[in-house]
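Chemist: Quick one, protein-v1.pdb (PDB, C-alpha atoms, pLDDT in the B column):
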ATOM      1  CA  MET J   1      94.259 105.192  95.203  1.00 51.00           C
ATOM      2  CA  THR J   2      94.767 105.027  98.949  1.00 52.00           C
ATOM      3  CA  PHE J   3      95.949 101.439  98.660  1.00 45.00           C
ATOM      4  CA  ASN J   4      98.552 102.411  96.039  1.00 53.00           C
ATOM      5  CA  MET J   5      99.871 105.259  98.208  1.00 53.00           C
ATOM      6  CA  THR J   6     100.248 102.880 101.144  1.00 53.00           C
ATOM      7  CA  LEU J   7     102.259 100.444  99.045  1.00 50.00           C
ATOM      8  CA  LEU J   8     104.462 103.261  97.787  1.00 51.00           C
ATOM      9  CA  ALA J   9     105.138 104.470 101.337  1.00 54.00           C
ATOM     10  CA  LEU J  10     106.115 100.985 102.467  1.00 53.00           C
ATOM     11  CA  PHE J  11     108.374 100.557  99.450  1.00 49.00           C
ATOM     12  CA  LEU J  12     110.205 103.814 100.165  1.00 51.00           C
ATOM     13  CA  LYS J  13     110.611 102.899 103.832  1.00 55.00           C
ATOM     14  CA  VAL J  14     112.245  99.592 102.913  1.00 44.00           C
ATOM     15  CA  LEU J  15     114.687 101.368 100.602  1.00 48.00           C
ATOM     16  CA  VAL J  16     115.599 104.226 102.940  1.00 43.00           C
ATOM     17  CA  SER J  17     115.972 102.324 106.249  1.00 48.00           C
ATOM     18  CA  PRO J  18     119.110 100.295 105.293  1.00 45.00           C
ATOM     19  CA  ALA J  19     120.776 103.424 103.945  1.00 45.00           C
ATOM     20  CA  LEU J  20     120.185 105.288 107.205  1.00 44.00           C
ATOM     21  CA  ALA J  21     121.428 102.358 109.255  1.00 46.00           C
ATOM     22  CA  GLY J  22     124.564 102.106 107.140  1.00 48.00           C
ATOM     23  CA  GLY J  23     125.210 105.826 107.495  1.00 48.00           C
ATOM     24  CA  ARG J  24     124.976 105.654 111.277  1.00 49.00           C
ATOM     25  CA  GLY J  25     127.349 102.682 111.329  1.00 48.00           C
ATOM     26  CA  ALA J  26     129.918 104.461 109.174  1.00 46.00           C
ATOM     27  CA  GLU J  27     129.706 107.533 111.397  1.00 47.00           C
ATOM     28  CA  SER J  28     130.269 105.414 114.502  1.00 49.00           C
ATOM     29  CA  GLN J  29     133.320 103.719 112.978  1.00 57.00           C
ATOM     30  CA  GLU J  30     134.916 107.063 112.179  1.00 79.00           C
ATOM     31  CA  GLN J  31     134.962 108.137 115.836  1.00 86.00           C
ATOM     32  CA  GLN J  32     138.552 107.659 116.959  1.00 94.00           C
ATOM     33  CA  VAL J  33     140.843 108.910 119.711  1.00 97.00           C
ATOM     34  CA  LEU J  34     144.383 107.934 118.734  1.00 97.00           C
ATOM     35  CA  GLN J  35     147.425 107.966 121.013  1.00 98.00           C
ATOM     36  CA  PRO J  36     150.286 106.737 118.793  1.00 97.00           C
ATOM     37  CA  GLN J  37     152.805 106.578 121.654  1.00 97.00           C
ATOM     38  CA  ASN J  38     152.749 103.427 123.761  1.00 97.00           C
ATOM     39  CA  PHE J  39     155.775 104.241 125.955  1.00 98.00           C
ATOM     40  CA  VAL J  40     157.883 107.382 126.433  1.00 97.00           C
ATOM     41  CA  SER J  41     161.034 107.752 128.559  1.00 97.00           C
ATOM     42  CA  VAL J  42     162.220 111.242 129.507  1.00 97.00           C
ATOM     43  CA  LEU J  43     164.868 112.773 131.771  1.00 97.00           C
ATOM     44  CA  ARG J  44     163.856 114.993 134.663  1.00 96.00           C
ATOM     45  CA  GLY J  45     163.889 118.650 133.639  1.00 96.00           C
ATOM     46  CA  GLN J  46     163.194 117.967 129.961  1.00 97.00           C
ATOM     47  CA  ASP J  47     159.966 118.586 128.030  1.00 97.00           C
ATOM     48  CA  LEU J  48     157.506 115.761 127.344  1.00 97.00           C
ATOM     49  CA  LYS J  49     155.288 115.657 124.248  1.00 97.00           C
ATOM     50  CA  LEU J  50     152.112 113.530 124.457  1.00 98.00           C
ATOM     51  CA  GLU J  51     150.312 113.026 121.140  1.00 98.00           C
ATOM     52  CA  CYS J  52     146.545 112.710 120.657  1.00 98.00           C
ATOM     53  CA  HIS J  53     144.460 112.911 117.490  1.00 97.00           C
ATOM     54  CA  VAL J  54     140.644 112.939 117.440  1.00 96.00           C
ATOM     55  CA  SER J  55     138.613 112.181 114.300  1.00 94.00           C
ATOM     56  CA  GLY J  56     134.974 111.500 113.487  1.00 92.00           C
ATOM     57  CA  THR J  57     131.689 113.099 114.459  1.00 90.00           C
ATOM     58  CA  PHE J  58     131.283 113.432 118.228  1.00 92.00           C
ATOM     59  CA  PRO J  59     128.667 115.268 120.264  1.00 93.00           C
ATOM     60  CA  PRO J  60     129.766 118.686 121.574  1.00 94.00           C
ATOM     61  CA  GLY J  61     132.203 118.516 124.462  1.00 94.00           C
ATOM     62  CA  PRO J  62     135.837 118.965 125.509  1.00 94.00           C
ATOM     63  CA  VAL J  63     138.910 116.791 125.032  1.00 96.00           C
ATOM     64  CA  ARG J  64     140.787 116.300 128.298  1.00 96.00           C
ATOM     65  CA  TRP J  65     143.973 114.606 129.470  1.00 97.00           C
ATOM     66  CA  PHE J  66     143.988 112.425 132.598  1.00 97.00           C
ATOM     67  CA  MET J  67     146.616 110.504 134.530  1.00 97.00           C
ATOM     68  CA  GLY J  68     145.296 107.062 135.466  1.00 97.00           C
ATOM     69  CA  GLN J  69     141.781 105.668 135.101  1.00 96.00           C
ATOM     70  CA  GLY J  70     138.636 105.224 137.170  1.00 93.00           C
ATOM     71  CA  LEU J  71     137.707 107.193 140.255  1.00 92.00           C
ATOM     72  CA  THR J  72     141.339 107.856 141.174  1.00 94.00           C
ATOM     73  CA  ARG J  73     142.319 109.444 137.858  1.00 96.00           C
ATOM     74  CA  ARG J  74     143.715 112.966 137.989  1.00 95.00           C
ATOM     75  CA  LEU J  75     142.847 115.752 135.545  1.00 95.00           C
ATOM     76  CA  ILE J  76     146.014 116.906 133.777  1.00 95.00           C
ATOM     77  CA  TYR J  77     144.788 119.217 131.040  1.00 95.00           C
ATOM     78  CA  THR J  78     141.568 120.892 129.883  1.00 92.00           C
ATOM     79  CA  GLU J  79     140.958 124.075 127.932  1.00 85.00           C
ATOM     80  CA  SER J  80     139.462 125.910 130.915  1.00 78.00           C
ATOM     81  CA  LYS J  81     141.855 124.695 133.631  1.00 69.00           C
ATOM     82  CA  THR J  82     145.424 123.573 133.231  1.00 69.00           C
ATOM     83  CA  ASP J  83     148.854 123.436 134.870  1.00 82.00           C
ATOM     84  CA  GLU J  84     151.067 126.339 133.810  1.00 88.00           C
ATOM     85  CA  ARG J  85     153.704 123.801 132.745  1.00 94.00           C
ATOM     86  CA  ILE J  86     151.326 122.299 130.142  1.00 94.00           C
ATOM     87  CA  THR J  87     150.619 123.812 126.729  1.00 94.00           C
ATOM     88  CA  ARG J  88     148.828 122.717 123.543  1.00 93.00           C
ATOM     89  CA  SER J  89     151.143 121.781 120.696  1.00 92.00           C
ATOM     90  CA  ILE J  90     148.703 123.274 118.136  1.00 92.00           C
ATOM     91  CA  GLU J  91     146.380 125.876 119.619  1.00 88.00           C
ATOM     92  CA  ASN J  92     142.687 125.874 118.608  1.00 87.00           C
ATOM     93  CA  SER J  93     142.962 122.669 116.588  1.00 92.00           C
ATOM     94  CA  ASP J  94     139.782 120.568 116.399  1.00 91.00           C
ATOM     95  CA  MET J  95     141.675 117.335 115.673  1.00 94.00           C
ATOM     96  CA  ASP J  96     145.172 117.578 117.187  1.00 96.00           C
ATOM     97  CA  PHE J  97     145.087 117.614 120.992  1.00 97.00           C
ATOM     98  CA  THR J  98     148.793 116.964 121.529  1.00 97.00           C
ATOM     99  CA  ILE J  99     150.154 118.563 124.699  1.00 96.00           C
ATOM    100  CA  VAL J 100     153.641 119.418 125.964  1.00 96.00           C
ATOM    101  CA  ILE J 101     154.558 119.143 129.654  1.00 96.00           C
ATOM    102  CA  HIS J 102     157.532 121.405 130.379  1.00 96.00           C
ATOM    103  CA  ASN J 103     160.219 120.855 133.027  1.00 97.00           C
ATOM    104  CA  ILE J 104     159.288 117.247 133.820  1.00 97.00           C
ATOM    105  CA  ILE J 105     159.568 116.092 137.443  1.00 96.00           C
ATOM    106  CA  LEU J 106     159.714 112.550 138.862  1.00 96.00           C
ATOM    107  CA  GLU J 107     156.087 112.790 140.017  1.00 96.00           C
ATOM    108  CA  ASP J 108     154.979 113.121 136.378  1.00 97.00           C
ATOM    109  CA  ALA J 109     155.622 109.408 135.780  1.00 97.00           C
ATOM    110  CA  GLY J 110     152.435 107.447 135.061  1.00 97.00           C
ATOM    111  CA  THR J 111     149.950 106.518 132.340  1.00 98.00           C
ATOM    112  CA  TYR J 112     148.234 109.358 130.477  1.00 98.00           C
ATOM    113  CA  TYR J 113     144.870 109.101 128.697  1.00 98.00           C
ATOM    114  CA  CYS J 114     143.400 111.444 126.096  1.00 98.00           C
ATOM    115  CA  VAL J 115     139.593 111.411 126.506  1.00 98.00           C
ATOM    116  CA  LYS J 116     136.864 112.883 124.301  1.00 97.00           C
ATOM    117  CA  GLN J 117     133.861 113.904 126.407  1.00 96.00           C
ATOM    118  CA  LYS J 118     130.381 115.214 125.733  1.00 95.00           C
ATOM    119  CA  THR J 119     128.735 118.122 127.514  1.00 93.00           C
ATOM    120  CA  VAL J 120     125.898 117.324 129.943  1.00 93.00           C
ATOM    121  CA  PRO J 121     123.856 120.369 131.065  1.00 93.00           C
ATOM    122  CA  GLY J 122     124.256 121.013 134.777  1.00 92.00           C
ATOM    123  CA  LYS J 123     126.690 118.112 135.253  1.00 93.00           C
ATOM    124  CA  ASP J 124     130.295 117.188 134.637  1.00 91.00           C
ATOM    125  CA  PRO J 125     131.116 116.130 131.066  1.00 93.00           C
ATOM    126  CA  LYS J 126     130.645 112.439 130.304  1.00 95.00           C
ATOM    127  CA  ASP J 127     133.294 110.284 128.605  1.00 96.00           C
ATOM    128  CA  CYS J 128     132.602 109.367 124.979  1.00 95.00           C
ATOM    129  CA  LYS J 129     135.826 107.695 123.936  1.00 95.00           C
ATOM    130  CA  SER J 130     139.346 107.318 125.362  1.00 97.00           C
ATOM    131  CA  GLY J 131     142.741 106.652 123.865  1.00 97.00           C
ATOM    132  CA  HIS J 132     144.620 103.469 124.831  1.00 97.00           C
ATOM    133  CA  GLY J 133     147.016 105.393 127.077  1.00 98.00           C
ATOM    134  CA  THR J 134     150.693 106.392 127.017  1.00 98.00           C
ATOM    135  CA  VAL J 135     153.059 105.125 129.722  1.00 98.00           C
ATOM    136  CA  VAL J 136     155.614 107.742 130.823  1.00 98.00           C
ATOM    137  CA  ALA J 137     158.856 106.888 132.657  1.00 98.00           C
ATOM    138  CA  VAL J 138     160.893 109.719 134.216  1.00 97.00           C
ATOM    139  CA  LYS J 139     164.588 109.284 135.026  1.00 95.00           C
ATOM    140  CA  SER J 140     166.908 111.513 137.033  1.00 90.00           C
ATOM    141  CA  MET J 141     170.260 112.643 135.636  1.00 81.00           C
ATOM    142  CA  ASN J 142     172.282 110.665 138.190  1.00 75.00           C
ATOM    143  CA  GLN J 143     170.161 107.520 137.948  1.00 63.00           C
ATOM    144  CA  CYS J 144     172.025 104.243 137.627  1.00 47.00           C
ATOM    145  CA  THR J 145     171.833 102.091 134.520  1.00 41.00           C
ATOM    146  CA  SER J 146     168.232 101.309 133.709  1.00 43.00           C
ATOM    147  CA  SER J 147     167.010  97.729 134.075  1.00 37.00           C
ATOM    148  CA  LEU J 148     165.653  98.009 130.544  1.00 42.00           C
ATOM    149  CA  LYS J 149     169.147  98.609 129.104  1.00 44.00           C
ATOM    150  CA  ALA J 150     170.268  95.804 126.812  1.00 44.00           C
ATOM    151  CA  PRO J 151     173.562  93.997 127.661  1.00 50.00           C
ATOM    152  CA  LEU J 152     176.635  94.893 125.631  1.00 52.00           C
ATOM    153  CA  PRO J 153     177.600  92.583 122.750  1.00 55.00           C
ATOM    154  CA  GLU J 154     180.405  90.141 123.459  1.00 62.00           C
ATOM    155  CA  ASN J 155     182.865  92.018 121.240  1.00 60.00           C
ATOM    156  CA  GLU J 156     182.206  95.323 123.064  1.00 56.00           C
ATOM    157  CA  ARG J 157     182.603  94.061 126.604  1.00 58.00           C
ATOM    158  CA  PRO J 158     185.780  95.125 128.483  1.00 58.00           C
ATOM    159  CA  PRO J 159     188.510  92.450 128.696  1.00 61.00           C
ATOM    160  CA  LYS J 160     188.530  90.238 131.745  1.00 59.00           C
ATOM    161  CA  GLN J 161     191.230  91.025 134.294  1.00 54.00           C
ATOM    162  CA  THR J 162     193.302  88.225 135.794  1.00 53.00           C
ATOM    163  CA  LEU J 163     194.892  88.771 139.179  1.00 50.00           C
ATOM    164  CA  PRO J 164     198.537  87.646 139.587  1.00 53.00           C
ATOM    165  CA  ASP J 165     199.147  84.268 141.226  1.00 52.00           C
ATOM    166  CA  LYS J 166     199.783  84.332 144.944  1.00 51.00           C
ATOM    167  CA  GLU J 167     202.589  82.289 146.465  1.00 49.00           C
ATOM    168  CA  VAL J 168     202.004  80.589 149.792  1.00 47.00           C
ATOM    169  CA  VAL J 169     205.075  79.078 151.515  1.00 46.00           C
ATOM    170  CA  TYR J 170     204.908  76.425 154.229  1.00 45.00           C
ATOM    171  CA  ALA J 171     208.097  75.620 156.212  1.00 45.00           C
ATOM    172  CA  ASP J 172     209.353  72.602 158.124  1.00 49.00           C
ATOM    173  CA  VAL J 173     207.012  70.109 156.511  1.00 45.00           C
ATOM    174  CA  LYS J 174     209.364  67.155 157.157  1.00 49.00           C
ATOM    175  CA  LEU J 175     210.358  67.750 160.744  1.00 46.00           C
ATOM    176  CA  SER J 176     210.357  64.481 162.646  1.00 49.00           C
ATOM    177  CA  VAL J 177     208.241  64.046 165.747  1.00 50.00           C
ATOM    178  CA  PRO J 178     210.416  63.299 168.828  1.00 53.00           C
ATOM    179  CA  SER J 179     210.055  59.804 170.269  1.00 53.00           C
ATOM    180  CA  ASN J 180     209.868  61.192 173.748  1.00 56.00           C
ATOM    181  CA  PRO J 181     207.439  64.128 173.767  1.00 52.00           C
ATOM    182  CA  GLN J 182     208.457  65.152 177.292  1.00 57.00           C
ATOM    183  CA  LYS J 183     211.987  66.016 176.206  1.00 54.00           C
ATOM    184  CA  PRO J 184     212.370  69.020 174.006  1.00 53.00           C
ATOM    185  CA  LYS J 185     213.975  68.329 170.685  1.00 54.00           C
ATOM    186  CA  GLN J 186     217.577  69.489 170.461  1.00 57.00           C
ATOM    187  CA  SER J 187     218.342  71.555 167.484  1.00 53.00           C
ATOM    188  CA  ASN J 188     220.846  70.063 165.105  1.00 55.00           C
ATOM    189  CA  PRO J 189     222.689  72.575 162.916  1.00 52.00           C
ATOM    190  CA  GLU J 190     223.193  69.865 160.300  1.00 54.00           C
ATOM    191  CA  GLU J 191     219.476  69.117 160.046  1.00 51.00           C
ATOM    192  CA  HIS J 192     217.696  71.042 157.319  1.00 49.00           C
ATOM    193  CA  SER J 193     213.980  71.728 157.051  1.00 49.00           C
ATOM    194  CA  ALA J 194     212.202  70.992 153.819  1.00 50.00           C
ATOM    195  CA  TYR J 195     210.008  73.660 152.190  1.00 47.00           C
ATOM    196  CA  ALA J 196     206.989  73.395 149.937  1.00 48.00           C
ATOM    197  CA  THR J 197     205.759  76.112 147.628  1.00 49.00           C
ATOM    198  CA  ILE J 198     202.128  76.248 146.476  1.00 49.00           C
ATOM    199  CA  ARG J 199     200.829  78.659 143.827  1.00 56.00           C
ATOM    200  CA  VAL J 200     197.149  79.569 144.080  1.00 51.00           C
ATOM    201  CA  ALA J 201     195.565  81.081 140.980  1.00 54.00           C
ATOM    202  CA  GLN J 202     192.817  83.623 141.709  1.00 56.00           C
ATOM    203  CA  PRO J 203     189.597  83.336 139.679  1.00 56.00           C
ATOM    204  CA  ALA J 204     189.293  85.750 136.774  1.00 56.00           C
ATOM    205  CA  THR J 205     187.015  88.758 137.279  1.00 54.00           C
ATOM    206  CA  GLY J 206     185.019  90.426 134.541  1.00 51.00           C
TER
END
Represent the structure from my file as C-alpha cells, please.
Modeler:
Amino acid sequence: MTFNMTLLALFLKVLVSPALAGGRGAESQEQQVLQPQNFVSVLRGQDLKLECHVSGTFPPGPVRWFMGQGLTRRLIYTESKTDERITRSIENSDMDFTIVIHNIILEDAGTYYCVKQKTVPGKDPKDCKSGHGTVVAVKSMNQCTSSLKAPLPENERPPKQTLPDKEVVYADVKLSVPSNPQKPKQSNPEEHSAYATIRVAQPATG
C-alpha cells in the first residue's frame, strides 16, 4: 500500500511540475512597460504628453518617470512627489501611466523613461522593468530652420535670380609707346584711341 502511494505521488508531481513552470513563464512574458513614442518634438510653452502603459502581474510598487538612466537619472514624476507642471493623463489608473508636462521649457529636453518598481521595506523602491525611452526635443518660437527639416522639392524651390551683366570699359588700348621715353609724347588731335568693351556675366544665385 505504501509503495503504491509513493508511485502515485511521484506520478502527480511529474504531471503538475510542467504546468506550474509554464504558468510562471506565461506570467513573466505578460509583464510589459510600453512607451509607444520613440521621438517627440514640441515648442517651448506648449504641453507635452508622454505615454506609458503597464500590463502583467508585477510585485507591489510604484510606477515612476525618470529623465536619463543610471546614477545620474533625475526623478520626474511619482505619485507621492511631483512637479506642479506634471499631471497624470488618467488619474488612478492601474495600467495607463501617461503624464502631461505643461508649459514646456528648453531644459525639459532629454530622454524620458517609464519605470515599474517594486517596494522594498526600509529602502528605496527597486526597478522591475523599464520602457525603452522617449526622446524629447524642445524648440523655441524664434528658432531657425531645424536641421531635421527635409529640403524642398525641385518644383517648389524659388526661381534662381540672375544679376544683370556688368560692362567694364578699358580705354587707349592701342596707344603706341614713344621711341624715346625721355621725351613726352605730344598729343595729336588727329590720333584716336581705340576702346574695348568686355561684358562680365555674374554667376547665378539661388
Chemist: Output the residue selection produced by the PyMOL selection byres ((chain J and resi 39) around 9) on the file above, formatted as a list of chain:residue names.
Modeler: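 Answer for the PyMOL selection byres ((chain J and resi 39) around 9): J:Gln37, J:Asn38, J:Val40, J:Ser41, J:Thr111, J:Gly133, J:Thr134, J:Val135, J:Val136, J:Ala137.
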Chemist: List every protein, DNA or RNA residue with an atom no more than 12 Å from (134.4, 112.9, 124.6) in the file's coordinates, counting all atoms listed in the file, and format the result as a VMD selection string.
Modeler: chain J and resid 31 to 33 54 to 65 78 113 to 120 124 to 131
Chemist: Could you tell me how far CA of Leu34 (chain J) sits from CA of Ala109 (chain J), in Å to one decimal place?
Modeler: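 Distance reported for this atom pair: 20.5 Å.
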Chemist: I'd like the box whose edges run along x, y and z of the file and which contains every listed atom of region 112-131 of chain J, padded by 8 Å per side; could you state its centre and edge lengths in Å, one decimal, as JSON?
Modeler:
{"center_x": 136.0, "center_y": 113.8, "center_z": 129.6, "size_x": 40.4, "size_y": 30.4, "size_z": 27.4}
Chemist: Hey, can you pull every residue with an atom no more than 12 Å from (144.1, 107.6, 137.6), using only C-alpha atoms, and send it as a ChimeraX atom specification?
Modeler: /J:65-76,109-113,133
Chemist: Would you work out the distance separating CA of Glu51 (chain J) from CA of Met141 (chain J), expressed in Å to one decimal?
Modeler: 24.7 Å
Chemist: What does the distance from CA of Gly45 (chain J) to CA of His102 (chain J) come to in Å, to one decimal?
Modeler: 7.7 Å
Chemist: With distances taken over only C-alpha atoms, which residue among J:Gln35, J:Ser80, J:Gln46, J:Ser140 lies nearest Phe97 (chain J)?
Modeler: J:Gln35
Chemist: Pick the closest to Cys52 (chain J) from J:Pro121, J:Ile86, J:Ser93, J:Pro36: which is it, counting all atoms listed in the file?
Modeler: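 Smallest separation from Cys52 (chain J) among the options: J:Pro36.
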Chemist: Pick from J:His132, J:Asp96, J:Ile105, J:Tyr77: nearest to Arg44 (chain J), with only C-alpha atoms counted?
Modeler: J:Ile105
Chemist: Which is closest to Asn103 (chain J) among J:Glu84, J:Glu91, J:Glu30, J:Glu79, if we use only C-alpha atoms?
Modeler: J:Glu84
Chemist: Apply the PyMOL selection byres ((chain J and resi 50) around 7) to the file shown and report the selected residues as a PDB file with C-alpha atoms, in the coordinates of the input.
Modeler:
ATOM      1  CA  LEU J  48     157.506 115.761 127.344  1.00 97.00           C
ATOM      2  CA  LYS J  49     155.288 115.657 124.248  1.00 97.00           C
ATOM      3  CA  GLU J  51     150.312 113.026 121.140  1.00 98.00           C
ATOM      4  CA  CYS J  52     146.545 112.710 120.657  1.00 98.00           C
ATOM      5  CA  THR J  98     148.793 116.964 121.529  1.00 97.00           C
ATOM      6  CA  ILE J  99     150.154 118.563 124.699  1.00 96.00           C
ATOM      7  CA  VAL J 100     153.641 119.418 125.964  1.00 96.00           C
TER       8      VAL J 100
END
